[in-house]
Amino acid sequence: MNERVLIIDDDELVRNYVSRALSGRGFTLETAVNGSSAVALMEKEKFDVIICDLKMPDIQGDEVIKRARVLQPGIPVIVISGSMSESSKAVINEMKVEGALLKPFGIDEIRSLVDEVLKKTQ
Amino acid sequence: MNHKAKILVVDDEQHIVLMLSDGLKQRGYKVETAFNGKEAVSKAGREEFDVAIIDIKMPEMDGIAALGEIKKMNPEVEVIMATGYGTMGTAVESMRKGAFDYVHKPFELSEIVRVVERAVEKRRFNDISRAIFSTIESNDLLEIIVNSLMNVLKADDVSLMLFDPKNRLYTAISSGASDNVRKNTRLLLSEKTIAYLKENSLNSLVLMEEPGKDPQFKNIATAGCDIKFGIFLPLTEEDKIIGLININRTGESEYFNESDLQRVKIFGSLASLALRNAKLYKQLQETQSQLIQAEKMSALGQLAGGLAHEISNPLSGILGLTQLILENSETASQNYKDLKEIEKAVFRCKKIISSLLSFARQDKFSLEPVNINEIIEETLVLCARQMEVNQHVKIVKRFGENLPRAHGDFQQLMQVFLNLITNARDVMPDGGELTIETGRSDENGRKFVTAVFRDTGPGIRQDIIDKIFDPFFTTKPVGKGTGLGLSVCMGIVHRHNGKIEATNGAEKGAVFTVSLPACE
């Protein structure tokens with residue numbers, strides 16, 4: 001227990017409800033408002049799972065995921081995306097991410113996906 | 001021009017005016033007179049003449065000046081100049097100023113009548129060619145062609161035949177042939193004529209005399225065939241026969257003469273040219289509207305894609321936060337019920353967004369040879385049982401056998417068919433029948449595989465039939481339809497280089513036809 005979860009999304013609304021959906025479930029939650037602060041956080045701290053938006057103003061999601069994999073090999077990744085366009089699908093396939101959710105998604109969906117991903121990687 | 005021509009006679013010598021006026025009136029022309037240039041100009045300003053005969057040498061305003069003034073007011077009028085031997089130079093000048101011809105004084109009446117006849121003839125052809133080229137709409141054009149021929153050639157009936165897309169000759173328009181038996185005889189004779197012309201690689205005019213008595217037409221033109229003399233005038237485009245005009249005199253009418261045939265020949269080339277113009281114009285219009293449609297779809301696709309993406313974050317927030325509050329609400333409370341409604345509303349939005357996205361998807365998709373019957377079967381697995389059991393919609397399959405495969409994306413075509421099937425279900429809430437027929441078709445040498453969906457619902461209202469493929473157009477109640485179903489279908493079918501059409505059935509119900517290019 002007490003897994004560390006990093007939530008990366010440039011939209012405060014999304015960070016807010018995702019972290020509240022996951023709070024009280026024994027996780028330590030951190031949030032990042034964009035790709036670069038997420039990378040900075042990952043350089044300092046170790047996480048058990050990252051939840052990452054794809055379209056962000058500075059560093060795009062796929063780049064963040066690449067860096068995460070270098071900084072913390074084997075870290076499970078859940079992609080949350082506003083569209084399942086061909087380019088998003090390509091990222092999800094190429095990066096071999098552990099899970100993906102299309103916005104809008106509900107709290108139960110993110111909760112069960114996080115649980116499932118953590119269970120698999122333990 | 002049905003009426004006898006109207007002629008203005010202008011001369012300062014009264015006896016000449018009288019001679020011409022009487023002589024022309026006797027031949028059925030309408031005649032007005034003037035005794036000097038000024039009077040002539042003022043008369044020509046008040047009414048239109050077909051032809052004017054003007055003396056050159058007159059006091060006050062001379063003939064040349066009058067010619068100029070009259071032509072300015074009415075360029076169509078044909079002017080014949082009467083010149084004395086001393087005024088040959090002015091005769092040449094008047095020709096330059098647009099006179100039709102000139103006659104030397106003194107002249108015989110018969111001499112001037114011949115010139116008048118030619119001038120009237122020219123007027124008629126000018127009028128006809130102007131009429132023919134005045135319209136670019138093919139239906140109006142056909143009517144003008146047929147009516148002009150009826151008038152100019154004093155024909156008893158005229159029919160214009162064209163080829164339909166399946167290359168069968170049909171009567172596009174017909175005048176004077178009063179009943180279907182007559183019309184059919186003319187069509188059959190035209191078919192024969194075209195066959196004959198093609199066999200001999202000709203595209204010249206064909207004449208027929210009393211075909212009813214000709215043994216080679218005995219199966220076509222029965223004894224009752226009333227054609228006395230028929231002209232069959234092929235219409236051509238780049239030496240290819242594209243249709244035919246049949247002009248007949250019947251009963252006791254006179255035979256066509258040499259000058260009639262001359263007129264017909266000129267007429268034929270004018271008509272062919274005008275028809276070609278009309279066809280090109282129509283093609284241009286179609287291409288233009290396709291382009292506009294494609295542009296519209298592409299712009300809308302981009303907009304929709306962007307919109308869907310932008311809206312997904314706030315919507316995600318609404319959904320997530322609503323569910324978080326729901327977790328802490330009493331299930332019996334009004335707040336709980338309201339929040340549940342909000343949650344449902346978000347799911348509705350989510351559905352709209354996913355339709356929008358599938359509509360907007362501009363990316364390439366995989367075309368491979370697919371069996372249209374298989375795709376429909378597969379689609380029916382998703383919905384047929386539910387429709388038959390719950391909605392009492394009977395599904396009748398009439399699948400064509402050994403159909404060629406189509407170039408298609410299996411999944412996307414499933415989506416098209418599913419949309420069409422669920423639409424059919426929605427228009428038959430009290431049950432009915434949906435017939436799905438597959439087959440093949442040929443258009444302009446291109447082969448298509450087709451799927452036709454016929455329902456027994458109320459059909460599509462004429463006033464909206466052009467709009468049903470427009471994005472966001474829906475007749476369903478608020479919340480029941482996004483108005484995107486058919487636009488998505490159209491988008492997908494167009495990306496297949498196929499066609500989707502909506503019509504109403506002969507008896508009732510709507511008919512949707514999807515045509516997809518067949519694999520060679």
# chains A, B, ... in the order shown; residues from 1 in each chain; ligands from 1
call {"tool": "closest_atom_pairs", "arguments": {"of": "chain B", "to": "chain A", "cutoff": "7 Å", "atoms": "only C-alpha atoms", "output": "Markdown table"}}
result
| residue | atom | partner | partner_atom | distance |
| --- | --- | --- | --- | --- |
| B:His309 | CA | A:Gly82 | CA | 5.0 |
| B:Ser312 | CA | A:Gly82 | CA | 5.4 |
| B:Asn313 | CA | A:Val14 | CA | 6.6 |
| B:Pro314 | CA | A:Leu13 | CA | 7.0 |
| B:Leu315 | CA | A:Pro104 | CA | 5.8 |
| B:Ser316 | CA | A:Pro104 | CA | 3.8 |
| B:Gly317 | CA | A:Leu13 | CA | 5.4 |
| B:Leu319 | CA | A:Gly106 | CA | 6.0 |
| B:Gly320 | CA | A:Gly106 | CA | 5.2 |
| B:Leu321 | CA | A:Tyr17 | CA | 5.8 |
| B:Gln323 | CA | A:Ile107 | CA | 6.7 |
| B:Leu324 | CA | A:Ala21 | CA | 6.9 |
| B:Lys350 | CA | A:Pro104 | CA | 6.9 |
call {"tool": "residues_around", "arguments": {"residues": "segment 157-173 of chain B", "least_positions_apart": "3", "cutoff": "8 Å", "atoms": "only C-alpha atoms", "output": "list in words"}}
result
Leu142, Glu143, Val146, Leu149, Met150, Gly176, Ala177, Lys183, Arg186, Leu187, Ser190, Glu191, Ile242, Gly243, Leu244, Ile245, Asn246, Ile247, Asn248, Arg249, Asp442, Glu443 and Asn444 of chain B
call {"tool": "residues_around", "arguments": {"residues": "segment 448-463 of chain B", "least_positions_apart": "4", "cutoff": "7 Å", "atoms": "only C-alpha atoms", "output": "PyMOL selection string"}}
result
chain B and resi 404+406+424+427-428+432-442+504+508-518
call {"tool": "atom_distance", "arguments": {"atom1": "atom CA of Val79 of chain B", "atom2": "atom CA of Val10 of chain B"}}
result
10.7 Å
call {"tool": "atom_distance", "arguments": {"atom1": "atom CA of Asp11 of chain B", "atom2": "atom CA of Phe107 of chain B"}}
result
13.4 Å
call {"tool": "residues_around", "arguments": {"residues": "Asn34 of chain A", "least_positions_apart": "5", "cutoff": "10 Å", "atoms": "only C-alpha atoms", "output": "ChimeraX atom specification"}}
result
/A:7-11,39,52-53,55-61,64
call {"tool": "decode", "arguments": {"residues": "segment 58-72 of chain B", "atoms": "N, CA, C and O atoms", "output": "mmCIF file, in the first residue's frame"}}
result
data_model
loop_
_atom_site.group_PDB
_atom_site.id
_atom_site.type_symbol
_atom_site.label_atom_id
_atom_site.label_comp_id
_atom_site.auth_asym_id
_atom_site.auth_seq_id
_atom_site.Cartn_x
_atom_site.Cartn_y
_atom_site.Cartn_z
ATOM 1 N N MET B 58 -33.726 60.198 -99.424
ATOM 2 C CA MET B 58 -34.965 60.796 -98.939
ATOM 3 C C MET B 58 -34.627 62.163 -98.371
ATOM 4 O O MET B 58 -33.509 62.387 -97.913
ATOM 5 N N PRO B 59 -35.594 63.108 -98.409
ATOM 6 C CA PRO B 59 -35.331 64.417 -97.816
ATOM 7 C C PRO B 59 -35.226 64.319 -96.281
ATOM 8 O O PRO B 59 -35.602 63.303 -95.704
ATOM 9 N N GLU B 60 -34.750 65.355 -95.662
ATOM 10 C CA GLU B 60 -34.513 65.423 -94.211
ATOM 11 C C GLU B 60 -33.512 64.357 -93.768
ATOM 12 O O GLU B 60 -32.333 64.487 -94.019
ATOM 13 N N MET B 61 -34.014 63.267 -93.224
ATOM 14 C CA MET B 61 -33.080 62.213 -92.800
ATOM 15 C C MET B 61 -32.997 61.180 -93.909
ATOM 16 O O MET B 61 -34.022 60.614 -94.311
ATOM 17 N N ASP B 62 -31.803 60.897 -94.413
ATOM 18 C CA ASP B 62 -31.724 59.923 -95.500
ATOM 19 C C ASP B 62 -31.742 58.492 -94.972
ATOM 20 O O ASP B 62 -31.717 58.248 -93.748
ATOM 21 N N GLY B 63 -31.785 57.524 -95.902
ATOM 22 C CA GLY B 63 -31.923 56.111 -95.542
ATOM 23 C C GLY B 63 -30.787 55.587 -94.680
ATOM 24 O O GLY B 63 -31.000 54.800 -93.755
ATOM 25 N N ILE B 64 -29.554 56.039 -94.994
ATOM 26 C CA ILE B 64 -28.389 55.555 -94.240
ATOM 27 C C ILE B 64 -28.496 55.971 -92.772
ATOM 28 O O ILE B 64 -28.285 55.155 -91.861
ATOM 29 N N ALA B 65 -28.878 57.231 -92.571
ATOM 30 C CA ALA B 65 -29.015 57.721 -91.196
ATOM 31 C C ALA B 65 -30.129 56.964 -90.482
ATOM 32 O O ALA B 65 -29.990 56.559 -89.321
ATOM 33 N N ALA B 66 -31.254 56.751 -91.214
ATOM 34 C CA ALA B 66 -32.384 56.032 -90.611
ATOM 35 C C ALA B 66 -31.969 54.611 -90.238
ATOM 36 O O ALA B 66 -32.304 54.105 -89.161
ATOM 37 N N LEU B 67 -31.211 53.972 -91.142
ATOM 38 C CA LEU B 67 -30.717 52.612 -90.866
ATOM 39 C C LEU B 67 -29.936 52.572 -89.548
ATOM 40 O O LEU B 67 -30.166 51.696 -88.693
ATOM 41 N N GLY B 68 -29.025 53.555 -89.415
ATOM 42 C CA GLY B 68 -28.201 53.617 -88.198
ATOM 43 C C GLY B 68 -29.061 53.755 -86.947
ATOM 44 O O GLY B 68 -28.876 53.025 -85.964
ATOM 45 N N GLU B 69 -30.041 54.688 -87.006
ATOM 46 C CA GLU B 69 -30.892 54.938 -85.834
ATOM 47 C C GLU B 69 -31.720 53.706 -85.473
ATOM 48 O O GLU B 69 -31.839 53.330 -84.309
ATOM 49 N N ILE B 70 -32.287 53.096 -86.534
ATOM 50 C CA ILE B 70 -33.174 51.944 -86.281
ATOM 51 C C ILE B 70 -32.381 50.759 -85.727
ATOM 52 O O ILE B 70 -32.797 50.094 -84.779
ATOM 53 N N LYS B 71 -31.209 50.540 -86.274
ATOM 54 C CA LYS B 71 -30.366 49.426 -85.782
ATOM 55 C C LYS B 71 -29.934 49.646 -84.335
ATOM 56 O O LYS B 71 -29.733 48.689 -83.571
ATOM 57 N N LYS B 72 -29.764 50.949 -83.995
ATOM 58 C CA LYS B 72 -29.392 51.269 -82.609
ATOM 59 C C LYS B 72 -30.505 50.851 -81.658
ATOM 60 O O LYS B 72 -30.248 50.309 -80.586
#
